[in-house]
file run-v1.txt (compact mmCIF, C-alpha atoms)
# COMPACT_ATOMS: atom_id res chain seq x y z
CA MET A 95 28.96 32.08 -91.15
CA GLY A 96 29.83 31.93 -94.83
CA ASP A 97 26.67 29.95 -95.59
CA VAL A 98 24.50 32.49 -93.79
CA ALA A 99 26.18 35.37 -95.61
CA PHE A 100 25.70 33.68 -98.99
CA SER A 101 22.03 32.96 -98.21
CA GLN A 102 21.52 36.73 -97.89
CA SER A 103 23.54 37.60 -100.97
CA PRO A 104 21.91 38.52 -104.31
CA LEU A 105 24.02 35.70 -105.76
CA SER A 106 21.84 33.22 -103.89
CA ALA A 107 19.07 33.88 -106.43
CA ILE A 108 20.54 31.17 -108.67
CA ILE A 109 19.98 28.52 -105.97
CA ASN A 110 17.03 30.01 -104.09
CA GLY A 111 14.43 27.30 -104.49
CA ASN A 112 11.41 29.49 -103.79
CA PHE A 113 12.51 32.10 -106.32
CA LEU A 114 13.15 29.43 -108.97
CA VAL A 115 9.68 28.01 -108.34
CA CYS A 116 8.24 31.48 -108.96
CA ILE A 117 10.17 31.68 -112.24
CA PHE A 118 8.84 28.27 -113.25
CA CYS A 119 5.23 29.27 -112.52
CA THR A 120 5.65 32.54 -114.41
CA ILE A 121 7.11 30.77 -117.44
CA SER A 122 4.28 28.23 -117.32
CA GLY A 123 1.77 31.07 -117.41
CA VAL A 124 3.57 32.57 -120.41
CA VAL A 125 3.71 29.28 -122.34
CA VAL A 126 0.08 28.31 -121.78
CA SER A 127 -1.26 31.81 -122.47
CA LEU A 128 0.81 32.24 -125.64
CA TYR A 129 -0.43 28.88 -126.89
CA ILE A 130 -4.02 30.09 -126.48
CA PHE A 131 -3.37 33.58 -127.86
CA ASN A 132 -1.79 32.09 -130.99
CA LYS A 133 -4.59 29.63 -131.72
CA PRO A 134 -7.18 30.61 -134.35
CA ASP A 135 -9.69 28.47 -132.48
CA LEU A 136 -9.77 26.38 -129.32
CA LYS A 137 -11.31 23.16 -130.61
CA ASP A 138 -8.58 21.02 -129.07
CA LEU A 139 -8.20 22.92 -125.80
CA GLY A 140 -10.76 20.77 -123.98
CA LYS A 141 -8.82 17.65 -124.86
CA HIS A 142 -5.55 19.17 -123.70
CA MET A 143 -7.13 20.21 -120.42
CA ILE A 144 -8.18 16.62 -119.76
CA MET A 145 -4.84 15.24 -120.94
CA ARG A 146 -3.06 17.49 -118.46
CA TYR A 147 -4.09 15.33 -115.53
CA PHE A 148 -3.06 12.03 -117.11
CA ARG A 149 0.23 13.37 -118.51
CA LEU A 150 1.27 14.62 -115.09
CA MET A 151 -0.21 11.78 -113.07
CA VAL A 152 1.26 8.68 -114.76
CA PRO A 153 4.97 9.54 -114.20
CA VAL A 154 4.15 10.62 -110.64
CA PHE A 155 2.40 7.32 -110.01
CA ALA A 156 5.45 5.43 -111.29
CA CYS A 157 7.68 7.43 -108.94
CA PHE A 158 5.30 6.78 -106.05
CA VAL A 159 5.54 3.05 -106.68
CA LEU A 160 9.35 3.19 -106.53
CA VAL A 161 9.29 5.18 -103.31
CA PHE A 162 6.64 2.86 -101.87
CA VAL A 163 8.81 -0.21 -102.49
CA PHE A 164 11.85 1.44 -100.91
CA MET A 165 9.85 2.62 -97.90
CA LYS A 166 8.40 -0.85 -97.34
CA ALA A 167 11.88 -2.41 -97.65
CA ASN A 168 13.37 0.26 -95.34
CA LEU A 169 16.03 1.14 -97.92
CA PHE A 170 16.31 4.85 -97.15
CA VAL A 171 19.29 5.83 -94.99
CA SER A 172 18.56 9.37 -93.81
CA GLU A 173 19.34 8.57 -90.16
CA ASP A 174 22.97 7.67 -90.90
CA LEU A 175 23.45 10.77 -93.03
CA ALA A 176 22.01 13.02 -90.32
CA ASP A 177 24.61 11.67 -87.89
CA ILE A 178 27.41 12.80 -90.23
CA THR A 179 26.03 16.19 -91.23
CA PHE A 180 24.74 17.06 -87.74
CA TYR A 181 21.56 18.24 -89.45
CA ARG A 182 18.23 16.62 -88.70
CA GLY A 183 15.94 18.94 -90.62
CA TRP A 184 14.56 17.92 -94.01
CA ILE A 185 16.98 14.97 -94.16
CA GLN A 186 14.80 13.08 -91.69
CA ILE A 187 11.39 14.58 -92.45
CA TYR A 188 10.49 12.33 -95.36
CA TYR A 189 10.00 8.60 -95.87
CA ASN A 190 9.33 7.86 -92.20
CA GLU A 191 5.57 7.44 -92.42
CA GLU A 192 3.66 4.19 -92.57
CA VAL A 193 2.20 3.66 -96.04
CA ASN A 194 -0.02 1.08 -97.70
CA LEU A 195 -1.47 0.43 -101.14
CA LEU A 196 -4.63 2.37 -100.44
CA ASN A 197 -2.56 5.36 -99.33
CA LEU A 198 -0.42 5.03 -102.46
CA LEU A 199 -3.46 5.17 -104.74
CA TYR A 200 -5.15 7.97 -102.80
CA CYS A 201 -2.05 10.18 -102.79
CA SER A 202 -0.97 9.59 -106.39
CA LEU A 203 -4.40 9.78 -108.02
CA PHE A 204 -6.10 12.42 -105.92
CA LYS A 205 -4.47 14.05 -102.91
CA VAL A 206 -1.27 15.32 -104.49
CA TRP A 207 -3.28 17.09 -107.21
CA PHE A 208 -6.36 18.41 -105.46
CA ILE A 209 -5.27 18.89 -101.84
CA GLY A 210 -1.49 18.78 -101.70
CA ASP A 211 0.81 16.10 -100.30
CA ASN A 212 4.55 15.43 -100.01
CA THR A 213 4.54 12.02 -98.33
CA TYR A 214 6.38 10.32 -101.17
CA THR A 215 8.67 13.16 -102.26
CA GLY A 216 9.28 16.47 -100.55
CA ALA A 217 9.19 18.49 -103.77
CA PHE A 218 5.67 17.31 -104.61
CA TRP A 219 4.11 20.16 -102.63
CA MET A 220 4.40 22.06 -105.93
CA LEU A 221 2.22 19.70 -107.94
CA THR A 222 -1.06 21.16 -106.71
CA PHE A 223 -0.03 24.62 -107.87
CA MET A 224 1.35 23.33 -111.17
CA PHE A 225 -1.90 21.50 -111.81
CA TRP A 226 -4.34 24.29 -110.97
CA GLY A 227 -2.05 27.03 -112.27
CA TYR A 228 -2.32 25.50 -115.73
CA TYR A 229 -6.13 25.80 -115.69
CA LEU A 230 -5.90 29.33 -114.31
CA SER A 231 -3.62 30.27 -117.24
CA CYS A 232 -6.04 28.66 -119.68
CA ILE A 233 -8.94 30.71 -118.32
CA LEU A 234 -6.93 33.95 -118.35
CA GLY A 235 -5.74 33.20 -121.88
CA ILE A 236 -9.29 32.63 -123.11
CA ILE A 237 -10.42 35.86 -121.45
CA GLY A 238 -7.67 37.82 -123.19
CA MET A 239 -7.99 36.31 -126.68
CA LYS A 240 -10.31 38.98 -128.08
CA ALA A 241 -10.00 41.52 -125.30
CA LYS A 242 -8.80 45.09 -125.63
CA LYS A 243 -5.60 46.23 -124.02
CA LYS A 244 -7.58 47.49 -121.03
CA ILE A 245 -7.82 43.84 -120.00
CA LEU A 246 -4.39 44.33 -118.45
CA PHE A 247 -6.04 46.25 -115.60
CA PHE A 248 -8.20 43.20 -114.91
CA TYR A 249 -5.12 40.96 -115.01
CA VAL A 250 -3.32 43.20 -112.51
CA LEU A 251 -6.33 43.06 -110.20
CA LEU A 252 -6.21 39.27 -110.40
CA VAL A 253 -2.50 39.31 -109.57
CA LEU A 254 -3.23 41.22 -106.37
CA THR A 255 -6.17 38.97 -105.56
CA PHE A 256 -4.32 35.71 -106.11
CA PHE A 257 -1.30 36.95 -104.19
CA CYS A 258 -3.58 37.12 -101.17
CA VAL A 259 -4.76 33.56 -101.88
CA ASN A 260 -1.38 32.07 -102.75
CA TYR A 261 1.55 33.92 -104.26
CA LEU A 262 2.37 31.15 -106.76
CA TYR A 263 -0.97 31.64 -108.51
CA ALA A 264 -0.04 35.31 -108.86
CA CYS A 265 2.99 34.17 -110.87
CA PHE A 266 0.74 32.40 -113.39
CA CYS A 267 -1.28 35.63 -113.75
CA LEU A 268 1.91 37.62 -114.33
CA GLY A 269 2.93 35.08 -116.96
CA THR A 270 -0.33 35.78 -118.80
CA ILE A 271 0.42 39.52 -118.66
CA ILE A 272 3.86 38.95 -120.21
CA ALA A 273 2.30 36.76 -122.91
CA TYR A 274 -0.36 39.36 -123.70
CA VAL A 275 2.17 42.19 -123.93
CA PHE A 276 4.45 40.09 -126.14
CA LYS A 277 1.60 38.92 -128.38
CA HIS A 278 0.31 42.47 -128.93
CA LYS A 279 3.80 43.95 -129.29
CA MET A 280 3.22 46.36 -126.44
CA GLY A 281 6.75 46.07 -125.12
CA VAL A 282 9.64 48.51 -125.28
CA GLN A 283 10.77 49.28 -128.82
CA ASN A 284 13.88 51.38 -128.10
CA ASN A 285 16.85 50.31 -125.97
CA LYS A 286 15.34 46.85 -125.57
CA ALA A 287 18.65 45.24 -124.67
CA LEU A 288 19.51 47.79 -122.00
CA ILE A 289 16.08 47.67 -120.41
CA GLY A 290 16.09 43.88 -120.61
CA ILE A 291 19.42 43.69 -118.78
CA VAL A 292 18.17 46.09 -116.10
CA CYS A 293 15.03 43.98 -115.65
CA VAL A 294 16.98 40.71 -115.35
CA VAL A 295 19.52 42.16 -112.92
CA ALA A 296 16.80 43.79 -110.80
CA GLY A 297 14.82 40.56 -110.86
CA LEU A 298 17.81 38.51 -109.71
CA PHE A 299 18.46 41.02 -106.93
CA LEU A 300 14.89 40.62 -105.66
CA GLY A 301 15.14 36.86 -106.16
CA GLY A 302 18.09 36.81 -103.77
CA PHE A 303 15.88 37.90 -100.87
CA PRO A 304 16.51 35.14 -98.30
CA THR A 305 13.81 32.66 -97.34
CA GLY A 306 15.41 30.62 -94.56
CA VAL A 307 16.72 33.52 -92.47
CA GLU A 308 15.66 37.09 -91.81
CA PRO A 309 18.08 39.44 -93.57
CA ASP A 310 20.44 41.73 -91.68
CA ASN A 311 22.02 43.33 -94.75
CA ILE A 312 20.67 45.53 -97.56
CA TYR A 313 17.55 43.38 -97.87
CA LYS A 314 16.53 44.43 -94.38
CA THR A 315 15.93 47.97 -95.67
CA ILE A 316 13.17 46.76 -98.00
CA MET A 317 11.43 44.45 -95.54
CA PHE A 318 8.34 46.51 -94.79
CA THR A 319 6.23 43.57 -93.67
CA SER A 320 6.68 40.10 -92.17
CA HIS A 321 9.61 38.06 -93.46
CA GLU A 322 7.34 35.47 -95.09
CA THR A 323 5.25 38.02 -96.95
CA ALA A 324 8.37 39.96 -97.95
CA TYR A 325 10.21 37.09 -99.60
CA GLN A 326 7.03 35.93 -101.34
CA LEU A 327 6.37 39.41 -102.71
CA TYR A 328 9.95 40.04 -103.86
CA HIS A 329 10.33 36.61 -105.41
CA VAL A 330 7.12 37.08 -107.39
CA MET A 331 8.27 40.53 -108.54
CA GLY A 332 11.74 39.19 -109.31
CA ALA A 333 10.40 36.32 -111.40
CA PHE A 334 8.22 38.75 -113.38
CA LEU A 335 11.21 41.02 -114.09
CA VAL A 336 13.53 38.15 -115.05
CA VAL A 337 11.07 36.47 -117.42
CA GLY A 338 9.94 39.79 -118.86
CA GLY A 339 13.56 40.88 -119.28
CA ILE A 340 14.40 37.70 -121.17
CA PHE A 341 11.67 38.56 -123.68
CA LEU A 342 13.53 41.81 -124.36
CA LEU A 343 16.93 40.14 -124.83
CA ASP A 344 17.12 38.43 -128.22
CA ILE A 345 20.64 37.14 -127.59
CA LEU A 346 19.57 35.46 -124.35
CA GLN A 347 16.56 33.92 -126.08
CA ARG A 348 18.82 32.45 -128.76
CA PHE A 349 21.16 31.11 -126.08
CA LEU A 350 18.32 29.45 -124.17
CA SER A 351 17.00 28.00 -127.45
CA ALA A 352 20.17 25.96 -127.95
CA LYS A 353 19.64 22.23 -128.45
CA VAL A 354 21.15 21.30 -125.11
CA PHE A 355 18.58 23.40 -123.24
CA LEU A 356 15.75 22.07 -125.39
CA LYS A 357 16.88 18.53 -124.60
CA LEU A 358 17.01 19.31 -120.90
CA GLY A 359 13.60 20.93 -121.14
CA SER A 360 12.13 17.77 -122.68
CA VAL A 361 13.05 15.74 -119.58
CA SER A 362 12.65 18.51 -117.00
CA TYR A 363 9.34 17.24 -115.63
CA CYS A 364 10.74 13.80 -114.94
CA VAL A 365 13.88 15.37 -113.43
CA TYR A 366 11.62 17.19 -111.01
CA ILE A 367 9.64 14.04 -110.23
CA ILE A 368 12.46 11.62 -109.43
CA GLN A 369 15.17 13.92 -108.06
CA GLY A 370 14.01 13.34 -104.48
CA PHE A 371 13.99 9.56 -104.92
CA VAL A 372 17.47 9.57 -106.47
CA MET A 373 18.83 11.72 -103.66
CA TYR A 374 17.35 9.72 -100.79
CA ALA A 375 17.67 6.23 -102.28
CA ILE A 376 20.99 6.43 -104.13
CA SER A 377 22.98 9.62 -103.56
CA TYR A 378 22.93 9.28 -99.78
CA LYS A 379 24.21 5.72 -99.96
CA ILE A 380 27.04 6.62 -102.32
CA PHE A 381 28.05 9.49 -100.05
CA LEU A 382 28.02 7.30 -96.95
CA TRP A 383 30.15 4.69 -98.70
CA LEU A 384 32.72 7.28 -99.85
CA TYR A 385 32.77 9.17 -96.57
CA ASN A 386 33.28 6.06 -94.49
CA MET A 387 36.31 5.23 -96.63
CA ASN A 388 38.20 8.55 -96.68
CA HIS A 389 36.29 11.14 -94.56
CA ARG A 390 36.79 13.89 -97.16
CA TYR A 391 33.47 15.65 -96.92
CA LEU A 392 33.76 18.25 -99.71
CA VAL A 393 35.49 15.90 -102.16
CA ASP A 394 32.94 13.18 -101.50
CA MET A 395 30.08 15.64 -101.98
CA ALA A 396 31.52 16.77 -105.32
CA VAL A 397 31.85 13.16 -106.53
CA VAL A 398 28.33 12.33 -105.42
CA PHE A 399 26.97 15.43 -107.14
CA GLY A 400 28.55 14.39 -110.45
CA ILE A 401 27.37 10.79 -110.22
CA SER A 402 23.88 11.81 -109.09
CA THR A 403 23.48 14.33 -111.92
CA CYS A 404 24.39 11.75 -114.56
CA LEU A 405 22.14 9.16 -112.97
CA LEU A 406 19.26 11.62 -112.60
CA LEU A 407 19.42 12.68 -116.25
CA THR A 408 19.58 9.04 -117.38
CA LEU A 409 16.61 7.97 -115.28
CA SER A 410 14.69 11.07 -116.35
CA TRP A 411 15.27 10.21 -120.01
CA LEU A 412 13.99 6.67 -119.37
CA PHE A 413 10.94 8.00 -117.51
CA THR A 414 10.21 10.47 -120.31
CA HIS A 415 10.53 8.01 -123.18
CA TYR A 416 9.06 4.88 -121.59
CA ILE A 417 6.45 6.29 -119.20
CA GLU A 418 5.51 9.92 -119.87
CA LYS A 419 5.38 9.83 -123.70
CA PRO A 420 3.59 6.46 -124.00
CA ALA A 421 1.06 7.62 -121.39
CA SER A 422 0.41 10.79 -123.40
CA LYS A 423 -0.07 8.78 -126.60
CA LEU A 424 -2.47 6.34 -124.96
CA THR A 425 -4.44 9.18 -123.38
CA ASN A 426 -4.61 10.93 -126.75
CA ILE A 427 -5.91 7.79 -128.46
CA PHE A 428 -8.51 7.31 -125.73
CA LEU A 429 -9.72 10.90 -125.96
CA GLU A 430 -10.17 10.61 -129.74
CA TYR A 431 -13.39 8.80 -128.91
CA PHE A 432 -14.72 11.97 -127.29
CA PHE A 433 -13.12 14.75 -129.37
CA GLU A 434 -12.53 15.48 -133.02
CA LYS A 435 -8.98 14.69 -134.09
CA GLN A 436 -6.73 17.75 -133.80
CA ASP A 437 -3.02 18.44 -133.89
CA GLY A 438 -1.07 17.03 -130.97
CA ASN A 439 1.84 19.46 -130.93
CA TYR A 440 1.03 20.85 -127.54
CA ARG A 441 1.65 18.39 -124.74
CA GLY A 442 -0.48 20.10 -122.11
call {"tool": "encode", "arguments": {"input": "run-v1.txt", "output": "structure tokens"}}
result
Amino acid sequence: MGDVAFSQSPLSAIINGNFLVCIFCTISGVVVSLYIFNKPDLKDLGKHMIMRYFRLMVPVFACFVLVFVFMKANLFVSEDLADITFYRGWIQIYYNEEVNLLNLLYCSLFKVWFIGDNTYTGAFWMLTFMFWGYYLSCILGIIGMKAKKKILFFYVLLVLTFFCVNYLYACFCLGTIIAYVFKHKMGVQNNKALIGIVCVVAGLFLGGFPTGVEPDNIYKTIMFTSHETAYQLYHVMGAFLVVGGIFLLDILQRFLSAKVFLKLGSVSYCVYIIQGFVMYAISYKIFLWLYNMNHRYLVDMAVVFGISTCLLLTLSWLFTHYIEKPASKLTNIFLEYFFEKQDGNYRG
């Protein structure tokens, strides 16, 4: 009962996966659009747009290979864990399919980017939206480079349109709106801190709208449509308010600019890529080993969480420095044959 109550609490915003995905997409829209708005010209944009595929694809391919080997060797242990937790939902959904080398190449090079696929890791359903959302932000940024402020009406229309297509694309559009407002200094000038706090708090409240269960508390009073549409709408709105509010809070921006967060940000993509593999291939086994020894569920989970976090960050650092960065450098060298040499500060 406590879990259900927490899932409907505004506090659940900090662990609500769908809401956090909306925040990520909104931030991505801001970053890409600001990059374009701040460029005097776009000579190197074409190269970055091509590099985007290779920079994202190579680490994913490496992860797919690891998962492929473990699936072929039958090294995942989800069945045993499901017996202990009495939960047979997502624990048993993944890594049960028959795979082969042709399937590995098809999924890693094409399907996961252009169609959508989560055969090799459950979280990879996001990759399609990350991939196309980047190009959407590029287009919106180019449109707004020399446009008057009335372009915001066009952006809002696109937000409504893309929400009907897929709500995550609407987040990228909202990110462009935030970037445009910030670039042209159209934001609030007085009481910025107060308004920023109100925006962040309101955004977190909306972000707490439950996804896995229909609300029976205060959130029920604002559910004017189906549950699915409601949580998508409120999570998109919440992400917009949170990200926009952060732009009004200088102290929060300085806090998030600390070296530790910048370091985490540099490996965040690889954390996202391999977290499913680490959980299924390693964390589960460590938990089963500990639980079979002492049967202390909560203590064992806490220990596994600590070990898994350290291991995940270590593997992510290795992936970033020995796979992602070298792949970006090689792609950049290759593309020099087709484009004039430009600065390589932006990683796409």
call {"tool": "closest_residue", "arguments": {"input": "run-v1.txt", "among": "A:Leu199, A:Leu424, A:Leu300, A:Val154", "to": "A:Ile108", "atoms": "only C-alpha atoms"}}
result
A:Leu300
call {"tool": "atom_distance", "arguments": {"input": "run-v1.txt", "atom1": "atom CA of A:Ser127", "atom2": "atom CA of A:His278"}}
result
12.6 Å
call {"tool": "residues_around", "arguments": {"input": "run-v1.txt", "residues": "A:Lys133", "least_positions_apart": "3", "cutoff": "12 Å", "atoms": "all atoms listed in the file", "output": "PyMOL selection string"}}
result
chain A and resi 126-130+136-139+235-236+239-240+277+437+440
call {"tool": "atom_distance", "arguments": {"input": "run-v1.txt", "atom1": "atom CA of A:Ile272", "atom2": "atom CA of A:Trp226"}}
result
19.2 Å
call {"tool": "atom_distance", "arguments": {"input": "run-v1.txt", "atom1": "atom CA of A:Leu234", "atom2": "atom CA of A:Gly123"}}
result
9.2 Å
call {"tool": "closest_atom_pairs", "arguments": {"input": "run-v1.txt", "of": "stretch 308-403 of chain A", "to": "stretch 158-173 of chain A", "cutoff": "9 Å", "atoms": "all atoms listed in the file", "output": "JSON lines"}}
result
{"residue": "A:Phe371", "atom": "CA", "partner": "A:Val161", "partner_atom": "CA", "distance": 6.6}
{"residue": "A:Tyr374", "atom": "CA", "partner": "A:Phe170", "partner_atom": "CA", "distance": 6.2}
{"residue": "A:Ala375", "atom": "CA", "partner": "A:Phe170", "partner_atom": "CA", "distance": 5.5}
{"residue": "A:Ile376", "atom": "CA", "partner": "A:Phe170", "partner_atom": "CA", "distance": 8.6}
{"residue": "A:Tyr378", "atom": "CA", "partner": "A:Val171", "partner_atom": "CA", "distance": 6.9}
{"residue": "A:Lys379", "atom": "CA", "partner": "A:Val171", "partner_atom": "CA", "distance": 7.0}
call {"tool": "residues_around", "arguments": {"input": "run-v1.txt", "residues": "A:Ser122", "least_positions_apart": "4", "cutoff": "9 Å", "atoms": "only C-alpha atoms", "output": "PDB file with C-alpha atoms, in the frame of the given file"}}
result
ATOM      1  CA  ILE A 117      10.170  31.680-112.240  1.00  0.00           C
ATOM      2  CA  PHE A 118       8.840  28.270-113.250  1.00  0.00           C
ATOM      3  CA  VAL A 126       0.080  28.310-121.780  1.00  0.00           C
ATOM      4  CA  SER A 127      -1.260  31.810-122.470  1.00  0.00           C
ATOM      5  CA  MET A 224       1.350  23.330-111.170  1.00  0.00           C
ATOM      6  CA  GLY A 227      -2.050  27.030-112.270  1.00  0.00           C
ATOM      7  CA  TYR A 228      -2.320  25.500-115.730  1.00  0.00           C
ATOM      8  CA  SER A 231      -3.620  30.270-117.240  1.00  0.00           C
ATOM      9  CA  CYS A 265       2.990  34.170-110.870  1.00  0.00           C
ATOM     10  CA  PHE A 266       0.740  32.400-113.390  1.00  0.00           C
ATOM     11  CA  GLY A 269       2.930  35.080-116.960  1.00  0.00           C
ATOM     12  CA  THR A 270      -0.330  35.780-118.800  1.00  0.00           C
TER      13      THR A 270
END
call {"tool": "closest_residue", "arguments": {"input": "run-v1.txt", "among": "A:Ile144, A:Val372, A:Ile271, A:Met151", "to": "A:Cys404", "atoms": "only C-alpha atoms"}}
result
A:Val372
call {"tool": "residues_around", "arguments": {"input": "run-v1.txt", "residues": "A:Ile345", "least_positions_apart": "5", "cutoff": "9 Å", "atoms": "only C-alpha atoms", "output": "mmCIF file with C-alpha atoms, keeping the file's coordinate frame"}}
result
data_model
loop_
_atom_site.group_PDB
_atom_site.id
_atom_site.type_symbol
_atom_site.label_atom_id
_atom_site.label_comp_id
_atom_site.auth_asym_id
_atom_site.auth_seq_id
_atom_site.Cartn_x
_atom_site.Cartn_y
_atom_site.Cartn_z
ATOM 1 C CA ALA A 287 18.650 45.240 -124.670
ATOM 2 C CA ILE A 340 14.400 37.700 -121.170
ATOM 3 C CA LEU A 350 18.320 29.450 -124.170
#
call {"tool": "residues_around", "arguments": {"input": "run-v1.txt", "residues": "stretch 100-102 of chain A", "least_positions_apart": "3", "cutoff": "12 Å", "atoms": "all atoms listed in the file", "output": "list in words"}}
result
Met95, Gly96, Asp97, Leu105, Ser106, Ala107, Ile108, Ile109, Asn110, Gly111, Phe299, Leu300, Gly301, Gly302, Phe303, Pro304, Thr305, Gly306, Val307, Glu308, Pro309, Asp310, Asn311, Ile312, Tyr313, Lys314 and Tyr325 of chain A
call {"tool": "write_last_selection", "arguments": {"input": "run-v1.txt", "atoms": "C-alpha atoms", "output": "PDB file, in the frame of the given file"}}
result
ATOM      1  CA  MET A  95      28.960  32.080 -91.150  1.00  0.00           C
ATOM      2  CA  GLY A  96      29.830  31.930 -94.830  1.00  0.00           C
ATOM      3  CA  ASP A  97      26.670  29.950 -95.590  1.00  0.00           C
ATOM      4  CA  LEU A 105      24.020  35.700-105.760  1.00  0.00           C
ATOM      5  CA  SER A 106      21.840  33.220-103.890  1.00  0.00           C
ATOM      6  CA  ALA A 107      19.070  33.880-106.430  1.00  0.00           C
ATOM      7  CA  ILE A 108      20.540  31.170-108.670  1.00  0.00           C
ATOM      8  CA  ILE A 109      19.980  28.520-105.970  1.00  0.00           C
ATOM      9  CA  ASN A 110      17.030  30.010-104.090  1.00  0.00           C
ATOM     10  CA  GLY A 111      14.430  27.300-104.490  1.00  0.00           C
ATOM     11  CA  PHE A 299      18.460  41.020-106.930  1.00  0.00           C
ATOM     12  CA  LEU A 300      14.890  40.620-105.660  1.00  0.00           C
ATOM     13  CA  GLY A 301      15.140  36.860-106.160  1.00  0.00           C
ATOM     14  CA  GLY A 302      18.090  36.810-103.770  1.00  0.00           C
ATOM     15  CA  PHE A 303      15.880  37.900-100.870  1.00  0.00           C
ATOM     16  CA  PRO A 304      16.510  35.140 -98.300  1.00  0.00           C
ATOM     17  CA  THR A 305      13.810  32.660 -97.340  1.00  0.00           C
ATOM     18  CA  GLY A 306      15.410  30.620 -94.560  1.00  0.00           C
ATOM     19  CA  VAL A 307      16.720  33.520 -92.470  1.00  0.00           C
ATOM     20  CA  GLU A 308      15.660  37.090 -91.810  1.00  0.00           C
ATOM     21  CA  PRO A 309      18.080  39.440 -93.570  1.00  0.00           C
ATOM     22  CA  ASP A 310      20.440  41.730 -91.680  1.00  0.00           C
ATOM     23  CA  ASN A 311      22.020  43.330 -94.750  1.00  0.00           C
ATOM     24  CA  ILE A 312      20.670  45.530 -97.560  1.00  0.00           C
ATOM     25  CA  TYR A 313      17.550  43.380 -97.870  1.00  0.00           C
ATOM     26  CA  LYS A 314      16.530  44.430 -94.380  1.00  0.00           C
ATOM     27  CA  TYR A 325      10.210  37.090 -99.600  1.00  0.00           C
TER      28      TYR A 325
END
call {"tool": "residues_near_point", "arguments": {"input": "run-v1.txt", "point": "(31.2, 14.3, -101.9)", "cutoff": "10 Å", "atoms": "only C-alpha atoms", "output": "VMD selection string"}}
result
chain A and resid 377 to 378 380 to 382 384 to 385 389 to 401
call {"tool": "closest_atom_pairs", "arguments": {"input": "run-v1.txt", "of": "stretch 258-362 of chain A", "to": "stretch 405-417 of chain A", "cutoff": "12 Å", "atoms": "all atoms listed in the file", "output": "JSON lines"}}
result
{"residue": "A:Lys357", "atom": "CA", "partner": "A:Trp411", "partner_atom": "CA", "distance": 9.6}
{"residue": "A:Leu358", "atom": "CA", "partner": "A:Leu407", "partner_atom": "CA", "distance": 8.4}
{"residue": "A:Gly359", "atom": "CA", "partner": "A:Trp411", "partner_atom": "CA", "distance": 10.9}
{"residue": "A:Ser360", "atom": "CA", "partner": "A:Thr414", "partner_atom": "CA", "distance": 7.9}
{"residue": "A:Val361", "atom": "CA", "partner": "A:Ser410", "partner_atom": "CA", "distance": 5.9}
{"residue": "A:Ser362", "atom": "CA", "partner": "A:Ser410", "partner_atom": "CA", "distance": 7.7}
call {"tool": "residues_near_point", "arguments": {"input": "run-v1.txt", "point": "(6.4, 20.7, -107.0)", "cutoff": "10 Å", "atoms": "only C-alpha atoms", "output": "JSON, numbers by chain"}}
result
{"A": [115, 206, 210, 211, 212, 215, 216, 217, 218, 219, 220, 221, 222, 223, 224, 225, 363, 366, 367]}
call {"tool": "residues_around", "arguments": {"input": "run-v1.txt", "residues": "A:Val253", "least_positions_apart": "3", "cutoff": "8 Å", "atoms": "all atoms listed in the file", "output": "PyMOL selection string"}}
result
chain A and resi 249-250+256-257+263-265+267-268
call {"tool": "write_last_selection", "arguments": {"input": "run-v1.txt", "atoms": "C-alpha atoms", "output": "PDB file, in the frame of the given file"}}
result
ATOM      1  CA  TYR A 249      -5.120  40.960-115.010  1.00  0.00           C
ATOM      2  CA  VAL A 250      -3.320  43.200-112.510  1.00  0.00           C
ATOM      3  CA  PHE A 256      -4.320  35.710-106.110  1.00  0.00           C
ATOM      4  CA  PHE A 257      -1.300  36.950-104.190  1.00  0.00           C
ATOM      5  CA  TYR A 263      -0.970  31.640-108.510  1.00  0.00           C
ATOM      6  CA  ALA A 264      -0.040  35.310-108.860  1.00  0.00           C
ATOM      7  CA  CYS A 265       2.990  34.170-110.870  1.00  0.00           C
ATOM      8  CA  CYS A 267      -1.280  35.630-113.750  1.00  0.00           C
ATOM      9  CA  LEU A 268       1.910  37.620-114.330  1.00  0.00           C
TER      10      LEU A 268
END
